[in-house]
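Before any comments, here is the structure.
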Amino acid sequence: MAPAHQPKRDSMFISPAYAQAAGETAASGGIASFLSIAPLFLVFIVFYFLMIRPQQKRMKALQASVAAVKKNDSVVTSGGIIGKVTKVEDSIVEVEIAPNTRVRVVKATLTDITSPNTKPAND
């Protein structure tokens with residue numbers, strides 16, 4: 001008994017037209033994968049310009065003001081202590097927080113420095 005349907009030998013292989021079309025989709029797949037990643041790059045760029053870069057500028061300005069702290073400057077520490085600088089050393093600042101009450105504070109913990117020459121905004 002002979003099989004009812006014999007497949008043709010040519011149909012077992014992919015025709016050249018299908019093979020060429022598959023190659024084109026693989027090439028366009030690279031572009032499609034790039035386009036799917038492009039929004040992530042865009043979000044990173046936006047975050048850089050809106051968040052990271054301004055924060056770096058603020059940190060540089062704070063480091064410069066901490067390095068330039070001098071006697072009679074008003075300072076705020078990271079612990080929330082507000083006082084007036086009475087003595088400056090290499091890495092330590094002596095801060096008067098009340099009359100005749102002085103504490104030694106590490107310069108790196110200073111979060112705000114105000115020069116005594118600045119006037120309040122409402123004067």
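Residue numbers start at 1 in each chain; chains themselves are named A, B, ... in the order of the structure tokens; ligands are numbered from 1 in the order shown.
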Check: Using only C-alpha atoms, which residues sit within 8 Å of region 57-63 of chain A once same-chain residues fewer than 3 positions away are excluded, as a list in words?
Finding: Arg53, Pro54, Val66, Ala67, Thr111 and Asp112 of chain A
How would the residues just picked look written out with all heavy atoms as a CSV table (one decimal), in the first residue's frame?
```csv
chain,number,residue,atom,x,y,z
A,53,ARG,N,22.5,66.7,38.2
A,53,ARG,CA,23.4,67.8,38.0
A,53,ARG,C,23.2,69.0,39.0
A,53,ARG,O,24.1,69.5,39.5
A,53,ARG,CB,23.2,68.3,36.5
A,53,ARG,CG,24.2,69.3,36.1
A,53,ARG,CD,24.2,69.5,34.6
A,53,ARG,NE,25.1,70.6,34.2
A,53,ARG,CZ,24.7,71.5,33.4
A,53,ARG,NH1,23.5,71.6,32.9
A,53,ARG,NH2,25.6,72.5,33.1
A,54,PRO,N,21.9,69.4,39.3
A,54,PRO,CA,21.7,70.4,40.3
A,54,PRO,C,22.2,70.0,41.7
A,54,PRO,O,22.8,70.8,42.4
A,54,PRO,CB,20.2,70.6,40.3
A,54,PRO,CG,19.8,70.2,38.9
A,54,PRO,CD,20.7,69.1,38.6
A,66,VAL,N,32.0,75.4,53.2
A,66,VAL,CA,32.5,74.8,54.4
A,66,VAL,C,34.0,75.0,54.5
A,66,VAL,O,34.6,75.2,55.6
A,66,VAL,CB,32.2,73.2,54.4
A,66,VAL,CG1,33.0,72.5,55.5
A,66,VAL,CG2,30.7,73.1,54.7
A,67,ALA,N,34.7,74.9,53.4
A,67,ALA,CA,36.2,75.1,53.4
A,67,ALA,C,36.5,76.6,53.7
A,67,ALA,O,37.5,76.9,54.2
A,67,ALA,CB,36.7,74.7,52.0
A,111,THR,N,25.8,72.1,57.5
A,111,THR,CA,24.9,72.0,56.3
A,111,THR,C,24.5,73.4,55.8
A,111,THR,O,24.1,73.5,54.7
A,111,THR,CB,23.6,71.3,56.7
A,111,THR,OG1,23.0,72.0,57.8
A,111,THR,CG2,23.9,69.8,57.1
A,112,ASP,N,24.8,74.4,56.6
A,112,ASP,CA,24.4,75.8,56.1
A,112,ASP,C,25.4,76.8,56.8
A,112,ASP,O,25.6,76.7,58.0
A,112,ASP,CB,23.0,76.1,56.4
A,112,ASP,CG,22.5,77.4,55.8
A,112,ASP,OD1,23.1,77.8,54.7
A,112,ASP,OD2,21.6,78.0,56.3
```
Next item on the list: Could you check which of A:Val103, A:Ala108, A:Val46, A:Val76 is closest to Asp90 (chain A), using only C-alpha atoms?
Entry: A:Ala108
Next item on the list: From a DSSP pass on the backbone, collect the residues of region 15-121 of chain A flagged as strand (DSSP E or B) and hand them back as a PyMOL selection string.
Entry: chain A and resi 74-77+82-88+92-98+101-106+110-114
Notebook entry, point to check: Any idea what the distance is between CA of Gln56 (chain A) and CA of Ser74 (chain A)?
Noted result: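 CA of Ser74 (chain A) lies 23.6 Å from CA of Gln56 (chain A).
One finds CA of Ala64 (chain A) at 22.2 Å from CA of Leu50 (chain A).
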